[in-house]
Every structure is written in structure tokens, then in C-alpha cells.
file protein26.txt (compact mmCIF, C-alpha atoms and all ligand atoms)
# COMPACT_ATOMS: atom_id res chain seq x y z
CA ASN A 173 30.73 -248.62 -83.49
CA SER A 174 32.46 -247.59 -80.27
CA LEU A 175 30.14 -249.66 -78.06
CA ILE A 176 31.12 -252.77 -79.98
CA SER A 177 34.81 -252.09 -79.53
CA LEU A 178 34.20 -251.43 -75.84
CA ALA A 179 32.30 -254.72 -75.49
CA LYS A 180 35.07 -256.63 -77.23
CA LYS A 181 37.88 -255.24 -75.15
CA MET A 182 36.34 -255.13 -71.68
CA PRO A 183 37.32 -258.03 -69.40
CA LYS A 184 34.38 -260.42 -69.20
CA THR A 185 33.22 -263.46 -67.27
CA GLU A 186 31.00 -266.28 -68.44
CA LEU A 187 28.70 -267.64 -65.74
CA HIS A 188 26.23 -269.70 -67.78
CA LEU A 189 27.87 -272.04 -70.26
CA HIS A 190 27.22 -275.72 -70.92
CA ILE A 191 30.47 -277.23 -72.15
CA GLU A 192 28.55 -279.77 -74.26
CA GLY A 193 26.85 -276.79 -75.91
CA THR A 194 30.19 -275.54 -77.26
CA PHE A 195 30.50 -278.55 -79.55
CA GLU A 196 31.00 -277.08 -83.03
CA PRO A 197 29.91 -279.38 -85.87
CA GLU A 198 33.43 -279.49 -87.36
CA GLN A 199 34.88 -280.77 -84.09
CA MET A 200 31.92 -283.11 -83.60
CA PHE A 201 32.55 -284.77 -86.95
CA ALA A 202 36.31 -284.99 -86.27
CA ILE A 203 35.81 -286.67 -82.89
CA ALA A 204 33.06 -288.93 -84.30
CA GLN A 205 35.50 -290.10 -86.94
CA ARG A 206 38.34 -290.77 -84.54
CA ASN A 207 35.94 -292.68 -82.25
CA GLN A 208 34.32 -294.48 -85.20
CA VAL A 209 30.85 -293.31 -84.16
CA GLU A 210 28.11 -292.76 -86.77
CA LEU A 211 26.27 -289.42 -86.70
CA THR A 212 22.66 -289.10 -87.89
CA TYR A 213 23.57 -286.09 -90.00
CA LYS A 214 25.98 -286.77 -92.84
CA THR A 215 27.68 -283.38 -93.19
CA VAL A 216 28.52 -280.31 -91.15
CA ASP A 217 26.13 -278.25 -93.29
CA GLU A 218 23.28 -280.72 -92.87
CA LEU A 219 23.77 -280.63 -89.10
CA ARG A 220 23.90 -276.81 -88.96
CA GLU A 221 20.72 -276.60 -91.03
CA ALA A 222 18.95 -278.62 -88.34
CA TYR A 223 19.62 -275.86 -85.79
CA GLN A 224 16.17 -274.31 -86.05
CA PHE A 225 14.33 -274.47 -82.80
CA THR A 226 10.90 -273.34 -81.70
CA GLN A 227 11.33 -274.34 -78.06
CA LEU A 228 13.89 -275.67 -75.56
CA GLN A 229 13.11 -279.34 -76.23
CA ASP A 230 13.91 -279.05 -79.97
CA PHE A 231 17.40 -277.94 -79.02
CA LEU A 232 17.85 -280.51 -76.24
CA ASP A 233 17.11 -283.39 -78.64
CA LEU A 234 20.06 -282.34 -80.84
CA TYR A 235 22.25 -281.43 -77.87
CA TYR A 236 22.03 -284.94 -76.38
CA GLN A 237 22.62 -286.47 -79.80
CA GLY A 238 25.70 -284.28 -80.37
CA MET A 239 27.35 -285.06 -77.04
CA SER A 240 27.04 -288.81 -77.68
CA VAL A 241 30.31 -288.86 -79.65
CA LEU A 242 32.27 -287.91 -76.51
CA LEU A 243 33.83 -291.12 -75.19
CA HIS A 244 37.38 -290.57 -73.94
CA GLU A 245 39.16 -288.17 -71.63
CA ALA A 246 40.90 -286.58 -74.64
CA ASP A 247 37.49 -285.82 -76.18
CA PHE A 248 36.40 -283.87 -73.10
CA TYR A 249 39.78 -282.14 -72.97
CA ASP A 250 39.69 -281.13 -76.64
CA LEU A 251 36.11 -279.86 -76.39
CA THR A 252 36.88 -277.76 -73.32
CA MET A 253 40.19 -276.42 -74.67
CA ALA A 254 38.58 -275.38 -77.97
CA TYR A 255 36.00 -273.34 -76.03
CA LEU A 256 38.56 -271.77 -73.68
CA THR A 257 40.83 -270.83 -76.59
CA LYS A 258 37.91 -269.17 -78.33
CA VAL A 259 36.78 -267.08 -75.37
CA HIS A 260 40.33 -266.19 -74.35
CA SER A 261 40.52 -264.41 -77.72
CA GLU A 262 37.39 -262.46 -76.69
CA ASN A 263 38.88 -261.18 -73.42
CA VAL A 264 36.94 -263.55 -71.19
CA VAL A 265 39.04 -263.74 -68.01
CA HIS A 266 36.98 -266.12 -65.87
CA VAL A 267 34.52 -268.92 -66.69
CA GLU A 268 32.06 -270.93 -64.61
CA ILE A 269 31.06 -273.86 -66.74
CA PHE A 270 28.42 -276.56 -66.46
CA PHE A 271 28.77 -280.16 -67.47
CA ASP A 272 25.98 -282.75 -67.60
CA PRO A 273 27.43 -285.97 -66.09
CA GLN A 274 24.19 -287.93 -66.54
CA GLY A 275 24.27 -287.25 -70.29
CA HIS A 276 27.49 -289.28 -70.39
CA LEU A 277 27.01 -291.77 -67.53
CA SER A 278 23.87 -293.02 -69.29
CA ARG A 279 26.05 -293.91 -72.29
CA GLY A 280 28.61 -295.76 -70.18
CA VAL A 281 31.19 -292.94 -69.98
CA PRO A 282 32.50 -292.92 -66.39
CA PHE A 283 32.48 -289.79 -64.24
CA ASP A 284 36.28 -289.69 -63.95
CA VAL A 285 36.74 -289.72 -67.74
CA GLN A 286 34.47 -286.68 -68.06
CA ILE A 287 35.78 -284.58 -65.22
CA ASN A 288 39.46 -285.37 -65.72
CA GLY A 289 39.35 -284.16 -69.32
CA ILE A 290 37.44 -280.99 -68.48
CA HIS A 291 39.51 -280.22 -65.37
CA LYS A 292 42.86 -280.62 -67.18
CA ALA A 293 41.80 -278.14 -69.85
CA LEU A 294 40.68 -275.64 -67.18
CA LYS A 295 44.02 -275.93 -65.39
CA ASP A 296 46.00 -275.61 -68.64
CA ALA A 297 44.08 -272.41 -69.51
CA GLU A 298 44.90 -271.01 -66.10
CA ALA A 299 48.61 -271.85 -66.49
CA LYS A 300 48.78 -270.44 -70.05
CA TRP A 301 46.64 -267.31 -69.78
CA GLY A 302 45.75 -266.81 -66.12
CA MET A 303 42.14 -267.57 -67.03
CA THR A 304 40.38 -268.73 -63.85
CA SER A 305 37.40 -271.03 -63.61
CA LYS A 306 34.77 -272.82 -61.55
CA LEU A 307 33.20 -276.13 -62.49
CA ILE A 308 29.49 -276.78 -61.95
CA MET A 309 27.96 -280.24 -62.16
CA SER A 310 24.39 -280.02 -63.41
CA PHE A 311 21.57 -282.47 -62.74
CA LEU A 312 19.21 -283.31 -65.60
CA ARG A 313 15.75 -282.41 -64.35
CA HIS A 314 13.88 -284.74 -66.72
CA LEU A 315 15.49 -287.62 -64.78
CA SER A 316 14.57 -288.65 -61.23
CA GLU A 317 15.92 -287.33 -57.95
CA VAL A 318 17.25 -290.86 -57.32
CA SER A 319 19.38 -290.51 -60.46
CA ALA A 320 20.66 -287.15 -59.21
CA PHE A 321 21.63 -288.77 -55.89
CA GLU A 322 23.48 -291.55 -57.76
CA THR A 323 25.35 -288.89 -59.74
CA LEU A 324 26.29 -287.12 -56.52
CA GLU A 325 27.80 -290.39 -55.25
CA PHE A 326 29.94 -290.68 -58.41
CA ALA A 327 31.01 -287.06 -57.87
CA LYS A 328 32.14 -287.46 -54.25
CA PRO A 329 35.77 -288.46 -54.97
CA PHE A 330 36.07 -285.36 -57.17
CA LEU A 331 34.53 -282.73 -54.90
CA PRO A 332 37.79 -280.75 -54.66
CA SER A 333 37.38 -279.99 -58.40
CA ILE A 334 33.65 -279.26 -58.23
CA ASP A 335 32.53 -275.82 -57.08
CA GLY A 336 28.80 -275.98 -57.52
CA VAL A 337 25.75 -277.85 -58.72
CA GLY A 338 23.08 -276.78 -61.18
CA LEU A 339 19.76 -277.95 -62.60
CA ASP A 340 19.12 -278.00 -66.36
CA SER A 341 17.32 -279.76 -69.25
CA SER A 342 13.53 -279.79 -69.85
CA GLU A 343 12.07 -277.25 -67.44
CA VAL A 344 8.27 -277.43 -67.77
CA GLY A 345 6.92 -280.38 -65.78
CA HIS A 346 10.12 -280.68 -63.75
CA PRO A 347 9.97 -278.01 -61.02
CA PRO A 348 12.85 -277.40 -58.63
CA GLU A 349 10.93 -278.97 -55.71
CA LYS A 350 11.40 -282.37 -57.39
CA PHE A 351 15.07 -282.05 -56.31
CA ALA A 352 14.67 -280.58 -52.81
CA ASN A 353 16.49 -283.43 -51.02
CA VAL A 354 19.46 -283.75 -53.34
CA PHE A 355 20.17 -280.02 -53.27
CA LYS A 356 20.00 -280.12 -49.47
CA ALA A 357 22.67 -282.86 -49.56
CA CYS A 358 24.78 -280.74 -51.95
CA ARG A 359 24.49 -277.72 -49.68
CA ASP A 360 25.65 -279.85 -46.72
CA LEU A 361 28.73 -280.81 -48.78
CA GLY A 362 29.61 -277.11 -49.13
CA LEU A 363 28.69 -276.81 -52.80
CA LYS A 364 27.32 -273.62 -54.35
CA ILE A 365 23.88 -273.98 -55.91
CA THR A 366 22.24 -272.58 -59.02
CA ALA A 367 19.24 -273.66 -61.10
CA HIS A 368 17.75 -272.89 -64.48
CA ALA A 369 14.42 -271.27 -63.69
CA GLY A 370 11.99 -269.07 -65.53
CA GLU A 371 13.39 -269.82 -69.00
CA GLU A 372 10.17 -271.53 -70.12
CA GLY A 373 8.81 -272.36 -66.68
CA PRO A 374 6.50 -270.02 -64.72
CA PRO A 375 7.43 -267.60 -61.91
CA GLU A 376 6.35 -270.33 -59.45
CA TYR A 377 9.43 -272.35 -60.48
CA VAL A 378 11.67 -269.36 -59.70
CA TRP A 379 10.02 -269.09 -56.27
CA GLN A 380 10.80 -272.76 -55.69
CA ALA A 381 14.43 -272.21 -56.74
CA LEU A 382 14.59 -269.54 -54.01
CA ASP A 383 12.52 -271.08 -51.24
CA VAL A 384 12.93 -274.83 -51.71
CA ILE A 385 16.42 -275.09 -53.24
CA ASN A 386 17.84 -271.89 -51.72
CA VAL A 387 19.89 -271.08 -54.81
CA ASP A 388 22.94 -268.81 -54.86
CA ARG A 389 21.93 -267.55 -58.29
CA ILE A 390 19.34 -268.07 -61.02
CA ASP A 391 20.07 -269.21 -64.56
CA HIS A 392 17.94 -267.28 -67.09
CA GLY A 393 15.16 -265.99 -64.80
CA ASN A 394 13.35 -264.18 -67.63
CA ARG A 395 9.88 -265.01 -66.38
CA ALA A 396 10.64 -263.62 -62.91
CA LEU A 397 9.69 -260.26 -64.45
CA GLU A 398 6.04 -261.39 -64.44
CA ASP A 399 5.88 -261.19 -60.64
CA GLU A 400 6.72 -257.97 -58.75
CA ASN A 401 7.10 -259.70 -55.40
CA LEU A 402 9.51 -262.14 -56.96
CA ILE A 403 11.59 -259.30 -58.39
CA SER A 404 11.75 -257.76 -54.91
CA GLU A 405 12.80 -261.04 -53.32
CA ILE A 406 15.59 -261.66 -55.87
CA LYS A 407 16.85 -258.12 -55.26
CA LYS A 408 16.66 -258.53 -51.49
CA ARG A 409 18.82 -261.65 -51.73
CA GLY A 410 21.22 -259.96 -54.17
CA LEU A 411 21.09 -262.89 -56.58
CA ALA A 412 22.49 -262.78 -60.10
CA LEU A 413 20.45 -263.67 -63.15
CA THR A 414 22.65 -265.37 -65.76
CA VAL A 415 20.89 -264.10 -68.87
CA CYS A 416 21.59 -265.55 -72.33
CA PRO A 417 20.39 -263.21 -75.13
CA LEU A 418 21.14 -265.30 -78.25
CA SER A 419 19.89 -268.45 -76.53
CA ASN A 420 16.63 -266.68 -75.71
CA LEU A 421 16.25 -265.66 -79.34
CA LYS A 422 17.05 -269.10 -80.81
CA LEU A 423 14.73 -270.92 -78.36
CA CYS A 424 11.93 -268.40 -78.87
CA VAL A 425 11.98 -267.26 -75.24
CA VAL A 426 11.99 -263.78 -76.80
CA LYS A 427 10.44 -263.02 -80.19
CA ASP A 428 12.91 -260.36 -81.22
CA MET A 429 16.21 -259.12 -79.77
CA LYS A 430 14.63 -255.65 -79.75
CA GLU A 431 12.29 -256.94 -77.04
CA HIS A 432 14.96 -258.61 -74.93
CA PRO A 433 14.21 -257.92 -71.22
CA ILE A 434 17.82 -257.49 -70.07
CA ARG A 435 17.62 -253.67 -69.97
CA THR A 436 14.36 -253.89 -68.01
CA MET A 437 16.09 -256.22 -65.56
CA LEU A 438 18.85 -253.66 -65.00
CA GLN A 439 16.34 -250.83 -64.70
CA GLN A 440 14.46 -252.86 -62.06
CA GLY A 441 17.72 -253.20 -60.10
CA LEU A 442 18.24 -256.88 -60.86
CA LYS A 443 21.83 -258.09 -61.20
CA ALA A 444 21.74 -259.37 -64.78
CA THR A 445 24.81 -260.78 -66.52
CA VAL A 446 25.46 -261.68 -70.19
CA ASN A 447 26.26 -265.29 -71.09
CA SER A 448 26.25 -267.59 -74.11
CA ASP A 449 24.62 -270.82 -72.78
CA ASP A 450 25.26 -273.16 -75.75
CA PRO A 451 27.17 -271.00 -78.24
CA ALA A 452 27.75 -273.67 -80.90
CA TYR A 453 23.99 -274.12 -81.21
CA PHE A 454 22.75 -270.56 -80.67
CA GLY A 455 24.91 -268.66 -83.12
CA GLY A 456 27.44 -266.85 -81.00
CA TYR A 457 29.93 -266.70 -78.17
CA MET A 458 30.35 -263.99 -75.53
CA ASN A 459 31.10 -261.03 -77.78
CA ASP A 460 28.33 -261.95 -80.22
CA ASN A 461 25.84 -261.79 -77.35
CA TYR A 462 26.97 -258.27 -76.47
CA ILE A 463 26.99 -257.23 -80.13
CA ALA A 464 23.41 -258.48 -80.61
CA LEU A 465 22.31 -256.36 -77.63
CA ILE A 466 24.19 -253.32 -78.92
CA GLU A 467 22.78 -253.61 -82.43
CA LYS A 468 19.19 -254.41 -81.50
CA SER A 469 18.25 -253.45 -77.97
CA GLY A 470 19.46 -249.86 -77.74
CA ILE A 471 21.64 -250.68 -74.76
CA THR A 472 23.68 -247.78 -73.38
CA LYS A 473 27.37 -247.60 -72.52
CA GLN A 474 26.49 -247.42 -68.82
CA GLU A 475 24.35 -250.57 -69.07
CA LEU A 476 27.09 -252.38 -70.95
CA LEU A 477 29.62 -251.60 -68.25
CA GLN A 478 27.12 -252.57 -65.54
CA LEU A 479 26.60 -255.98 -67.15
CA ALA A 480 30.35 -256.65 -67.26
CA ILE A 481 30.83 -255.45 -63.66
CA ASN A 482 27.92 -257.66 -62.53
CA GLY A 483 29.62 -260.61 -64.23
CA ILE A 484 32.68 -260.11 -62.08
CA GLU A 485 30.95 -259.15 -58.83
CA LEU A 486 28.37 -261.96 -58.99
CA SER A 487 30.84 -264.66 -60.00
CA TRP A 488 31.97 -267.23 -57.48
CA MET A 489 35.56 -265.93 -57.48
CA ASP A 490 36.84 -264.98 -54.04
CA GLU A 491 36.66 -261.30 -53.16
CA SER A 492 40.36 -260.56 -53.56
CA GLN A 493 40.35 -262.12 -57.02
CA LYS A 494 37.36 -259.98 -58.05
CA THR A 495 39.18 -256.77 -57.23
CA THR A 496 42.01 -257.67 -59.61
CA HIS A 497 39.48 -257.50 -62.48
CA LEU A 498 37.55 -254.40 -61.43
N1 LIG A 501 18.11 -274.77 -70.70
C1 LIG A 501 17.94 -275.95 -70.12
N2 LIG A 501 18.80 -276.95 -70.23
C2 LIG A 501 19.90 -276.76 -70.96
C3 LIG A 501 20.14 -275.55 -71.59
C4 LIG A 501 19.19 -274.50 -71.44
O1 LIG A 501 19.32 -273.37 -71.97
N3 LIG A 501 21.32 -275.70 -72.24
C5 LIG A 501 21.78 -276.94 -71.99
N4 LIG A 501 20.92 -277.59 -71.23
ZN ZN A 502 21.62 -273.11 -69.80
call {"tool": "encode", "arguments": {"input": "protein26.txt", "output": "C-alpha cells", "more": "lines below"}}
Ligand code: HPA
Ligand code: ZN
result
Amino acid sequence: NSLISLAKKMPKTELHLHIEGTFEPEQMFAIAQRNQVELTYKTVDELREAYQFTQLQDFLDLYYQGMSVLLHEADFYDLTMAYLTKVHSENVVHVEIFFDPQGHLSRGVPFDVQINGIHKALKDAEAKWGMTSKLIMSFLRHLSEVSAFETLEFAKPFLPSIDGVGLDSSEVGHPPEKFANVFKACRDLGLKITAHAGEEGPPEYVWQALDVINVDRIDHGNRALEDENLISEIKKRGLALTVCPLSNLKLCVVKDMKEHPIRTMLQQGLKATVNSDDPAYFGGYMNDNYIALIEKSGITKQELLQLAINGIELSWMDESQKTTHL
């Protein structure tokens, strides 16, 4: 299939990727053993069999359990380097990755341990392959805004290595407006802002991401399609949607890949991009997401190219760096 070979060889960016969601069971068991941590699941196969989700929360419960074996800087380095090595082999040239500091701070793992391990791997990938990156600290929305402010304090000594802030975890019941003040503080520090919105939550949450948080892009955004005025506003602001096809399928945000809305988004003039979200849990990395679209959604060559171009143009690279990839 010529579209598949095109998808594999075109230079790609990843703009929606949780580093803790790249934790493959084999590596999880290896790090658990070296840290002498017990896992609830006894084997790699038993763990993989548990990856059957009917909604976001089912996944999140396993995701927080999985990341709990990460204790030392070397663990964060090894996790990040394994992911970067994988996507380098798929012609990903630039990554913008999330990490969830509160998922580790709550277990007594200091902020510097987390970020130093991740940052070193990002710099090594740049030195080895010229792969560039941005790092996005994400607040857990099921926790309080006070907790987000505490996390921001821990982050302050490391701001030169932090490019943006995000908002993730359990969406329904935790609207963006809950975090209005902390995102204002982040904006004042010069950080870029993004938020998960419209994955499970209603269009109203996407409106809040725009009007209360003033985001620079929207993660997922599927449910924005339910509101024509919202579509117009996202277009007017030129915001990217970081869409995650296999994630949407695994978390039952879409029933069937044949019904995935990404082509509709492009047809409506929205700047959609393709991303893998939590590839170790959702059954595929960057190329697998493109292949699923090619095999199931009837995507055209033109649409495929548009998605890859959007990924470069809507990234947070500086303009001169973008032109080297276009
Ligand atoms: N949605 C919300 N929170 C998350 C996700 C997601 O897809 N992945 C990791 N944390
Ligand atoms: Zn996500």
C-alpha cells in the first residue's frame, strides 16, 4: 500500500504524548525488579490482558499504577530514551511530550528526579539524531488548583527546561475553569498552554479552554464538532487539535475507526494533527496511528500530507526550524 509507505517515510511530529503512557510492560517489569517494587499483575501477558477499557477512567487507573515503579532519575531517563528510540525509527523528527509531575510527587519522587531524567534523554536524542523536543508539564485535573499551584512552585527552578503546561486526567467533573488562576500564573511566566478538552467532556469544556484558560492548542477536541460556533472560533484562532486515533478507539471515544472524525475535522478547516497519546496502552505508536486511518477511514493522500504538515506548522518549534522540515 503506497499510502502506508508514504506515512512511514514522511517526517512527522508528535504533539500529544504522555511519557508515562509509553511504559511498555516488559520495561515496567524490568524497572520494578531493579527497584524491588511489587506489581499487582504477575506477568507481562497478564498485564497486557488488562488493557481493555470502556472509558478514560479505566485506563487512568492502570496508568497511575504502572508509573508507580518509576523512582530514580535513571528510570525516567530509560523510559524516555526507549520512547525516543522507537519513534526515531518511525521518522518522527520533533516531539512535544507531557509528563505528570503530581503522579510522582504524590509518591515521594522529587520534581528534580523526574525532570532531570526526562530532560537528559531529550538532549541525548537531539545530540544523536537531531531530534528536537519541547517538554510540557501537565496538571492532574482530578486534583485541586492548590495542588497545581504547589507543583508550579516545584517547577520554578526548572523553567528553562519547561516549554508549556497542560491539563490531563479525568475530564468529566473537572472543567478547565477549575484551573483559571494557575493557568493565568503560567501564562505570566511565559509558558505555552494546552489542555485536554472534548475527549469525554462536553463542548462547554472546550469553550472554557478557549475563553477561561486561553489555550494555545487543544488536546483531542473531538466533541468540539458538536458545536458549529465552537468550530468557527477554533478556526478563527488557528488552534491545532492534537487528535489521537488509536486512543479514541481504545477509550471508546469513537466506536469504530471507520467513524473517526479526523477527516471531518480537516474538511471543516480545523488544523488536526495525528498523535499517539499513550502508545504502550493503546496499541500503537505514530506510524500505527496513520496506518489505522489509512486502512479504516478512507483517508486520501492529500489529507495524509495535510496532517503531517499541520504537525510541523502547529508545533511549538520556532519558525525557522519549521521551514527546515517543510
Ligand atoms: N486523557 C486524559 N488524561 C490522560 C490521557 C488522556 O488521553 N492520557 C494520559 N492522561
Ligand atoms: Zn492525552
call {"tool": "closest_atom_pairs", "arguments": {"input": "protein26.txt", "of": "chain A", "to": "ligand ZN 502 (chain A)", "cutoff": "12 Å", "atoms": "only C-alpha atoms and all ligand atoms", "output": "Markdown table"}}
result
| residue | atom | partner | partner_atom | distance |
| --- | --- | --- | --- | --- |
| A:Glu186 | CA | A:ZN502 | ZN | 11.7 |
| A:Leu187 | CA | A:ZN502 | ZN | 9.8 |
| A:His188 | CA | A:ZN502 | ZN | 6.1 |
| A:Leu189 | CA | A:ZN502 | ZN | 6.4 |
| A:His190 | CA | A:ZN502 | ZN | 6.3 |
| A:Ile191 | CA | A:ZN502 | ZN | 10.0 |
| A:Glu192 | CA | A:ZN502 | ZN | 10.6 |
| A:Gly193 | CA | A:ZN502 | ZN | 8.8 |
| A:Thr194 | CA | A:ZN502 | ZN | 11.6 |
| A:Leu228 | CA | A:ZN502 | ZN | 10.0 |
| A:Phe231 | CA | A:ZN502 | ZN | 11.2 |
| A:Leu232 | CA | A:ZN502 | ZN | 10.5 |
| A:Tyr235 | CA | A:ZN502 | ZN | 11.6 |
| A:Glu268 | CA | A:ZN502 | ZN | 11.9 |
| A:Ile269 | CA | A:ZN502 | ZN | 10.0 |
| A:Phe270 | CA | A:ZN502 | ZN | 8.3 |
| A:Phe271 | CA | A:ZN502 | ZN | 10.3 |
| A:Asp272 | CA | A:ZN502 | ZN | 10.8 |
| A:Ile308 | CA | A:ZN502 | ZN | 11.7 |
| A:Ser310 | CA | A:ZN502 | ZN | 9.8 |
| A:Phe311 | CA | A:ZN502 | ZN | 11.7 |
| A:Leu312 | CA | A:ZN502 | ZN | 11.3 |
| A:Gly338 | CA | A:ZN502 | ZN | 9.5 |
| A:Leu339 | CA | A:ZN502 | ZN | 8.9 |
| A:Asp340 | CA | A:ZN502 | ZN | 6.5 |
| A:Ser341 | CA | A:ZN502 | ZN | 7.9 |
| A:Ser342 | CA | A:ZN502 | ZN | 10.5 |
| A:Glu343 | CA | A:ZN502 | ZN | 10.7 |
| A:Thr366 | CA | A:ZN502 | ZN | 10.8 |
| A:Ala367 | CA | A:ZN502 | ZN | 9.0 |
| A:His368 | CA | A:ZN502 | ZN | 6.6 |
| A:Ala369 | CA | A:ZN502 | ZN | 9.6 |
| A:Gly370 | CA | A:ZN502 | ZN | 11.3 |
| A:Glu371 | CA | A:ZN502 | ZN | 8.9 |
| A:Glu372 | CA | A:ZN502 | ZN | 11.6 |
| A:Ile390 | CA | A:ZN502 | ZN | 10.4 |
| A:Asp391 | CA | A:ZN502 | ZN | 6.7 |
| A:His392 | CA | A:ZN502 | ZN | 7.4 |
| A:Gly393 | CA | A:ZN502 | ZN | 10.8 |
| A:Leu413 | CA | A:ZN502 | ZN | 11.6 |
| A:Thr414 | CA | A:ZN502 | ZN | 8.8 |
| A:Val415 | CA | A:ZN502 | ZN | 9.1 |
| A:Cys416 | CA | A:ZN502 | ZN | 8.0 |
| A:Pro417 | CA | A:ZN502 | ZN | 11.3 |
| A:Leu418 | CA | A:ZN502 | ZN | 11.5 |
| A:Ser419 | CA | A:ZN502 | ZN | 8.4 |
| A:Asn420 | CA | A:ZN502 | ZN | 10.1 |
| A:Leu423 | CA | A:ZN502 | ZN | 11.2 |
| A:Asn447 | CA | A:ZN502 | ZN | 9.2 |
| A:Ser448 | CA | A:ZN502 | ZN | 8.4 |
| A:Asp449 | CA | A:ZN502 | ZN | 4.8 |
| A:Asp450 | CA | A:ZN502 | ZN | 7.0 |
| A:Pro451 | CA | A:ZN502 | ZN | 10.3 |
| A:Tyr453 | CA | A:ZN502 | ZN | 11.7 |
| A:Phe454 | CA | A:ZN502 | ZN | 11.2 |
call {"tool": "atom_distance", "arguments": {"input": "protein26.txt", "atom1": "atom CA of Arg206 of chain A", "atom2": "atom CA of Lys292 of chain A"}}
result
20.6 Å
call {"tool": "atom_distance", "arguments": {"input": "protein26.txt", "atom1": "atom CA of Phe326 of chain A", "atom2": "atom CA of His314 of chain A"}}
result
19.0 Å
call {"tool": "atom_distance", "arguments": {"input": "protein26.txt", "atom1": "atom CA of Leu175 of chain A", "atom2": "atom CA of Asn459 of chain A"}}
result
11.4 Å
call {"tool": "closest_residue", "arguments": {"input": "protein26.txt", "among": "A:Glu317, A:Trp488, A:Phe330, A:Leu242", "to": "Gln208 of chain A", "atoms": "all atoms listed in the file"}}
result
A:Leu242
call {"tool": "residues_around", "arguments": {"input": "protein26.txt", "residues": "Asp399 of chain A", "least_positions_apart": "3", "cutoff": "10 Å", "atoms": "only C-alpha atoms", "output": "PyMOL selection string"}}
result
chain A and resi 374-376+379+395-396+402-404
call {"tool": "closest_residue", "arguments": {"input": "protein26.txt", "among": "A:Cys424, A:Leu486, A:Leu382, A:Leu442", "to": "ligand LIG 501 (chain A)", "atoms": "all atoms listed in the file"}}
result
A:Cys424
call {"tool": "closest_residue", "arguments": {"input": "protein26.txt", "among": "A:Val209, A:Ala204, A:Val387, A:Ala381", "to": "Arg359 of chain A", "atoms": "all atoms listed in the file"}}
result
A:Val387
